[in-house]
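Structure first, commentary second.
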Amino acid sequence: MHVFQIRYRNTQGTLMRILTAASRRGIDLPYVQAEPVEHTHKVTLLLEVNPKQVGQLCRDWNAVVDVIDVRAGAQLKEVFDHGVAWELAPQPVASAPLQSSRQALA
């Protein structure tokens, strides 16, 4: 597994073009996280790819007009071999049921 971080300007369709570059090659997207970073946005992808696909994806992403920066990380297999676990972002808190929130207001 490789980690990719792509910074981009959040214009219409940019994130879809980034994700389509991987999906049209039949690559699974087990982890995708998009978030704002200052005046731009960043998407982090975890993909199972070979070295040839890494080059193809980076070339495709750099060709997208609103992509600012593409970074490909090391294989995560090496990280797991050293006993370091991949930490996922915490899940948002589920909203309270409607009845409980009414009781809180009373």
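Chain labels follow the order of the structure tokens: the first chain is A, the next B, and so on; residue numbering restarts at 1 in every chain, and ligands are counted from 1 in their shown order.
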
Near Leu19 in chain A, within 9 Å and counting only C-alpha atoms, which residues show up once chain neighbours fewer than 5 positions away are dropped, as a PDB file with N, CA and C atoms, in the first residue's frame?
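Result file follows (part.pdb):
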ATOM      1  N   THR A  14     -12.527  19.055  -9.527  1.00  0.00           N
ATOM      2  CA  THR A  14     -11.115  18.713  -9.327  1.00  0.00           C
ATOM      3  C   THR A  14     -10.951  17.430  -8.523  1.00  0.00           C
ATOM      4  N   ARG A  24     -10.355   4.576 -12.844  1.00  0.00           N
ATOM      5  CA  ARG A  24     -10.389   4.092 -14.233  1.00  0.00           C
ATOM      6  C   ARG A  24      -9.327   3.025 -14.490  1.00  0.00           C
ATOM      7  N   LEU A  29     -10.020   2.008  -3.751  1.00  0.00           N
ATOM      8  CA  LEU A  29      -9.763   3.180  -2.918  1.00  0.00           C
ATOM      9  C   LEU A  29     -10.204   2.860  -1.485  1.00  0.00           C
ATOM     10  N   LEU A  45      -4.850   9.552  -0.079  1.00  0.00           N
ATOM     11  CA  LEU A  45      -5.316   8.282  -0.631  1.00  0.00           C
ATOM     12  C   LEU A  45      -4.383   7.166  -0.195  1.00  0.00           C
TER      13      LEU A  45
END

Mind checking which residues fall within 12 Å of Arg71 in chain A, counting only C-alpha atoms, ignoring those fewer than 5 positions away in the same chain, and posting them as JSON, numbers by chain?
-> {"A": [2, 3, 4, 5, 6, 7, 8, 42, 43, 44, 45, 54, 55, 57, 58, 59, 61, 62]}
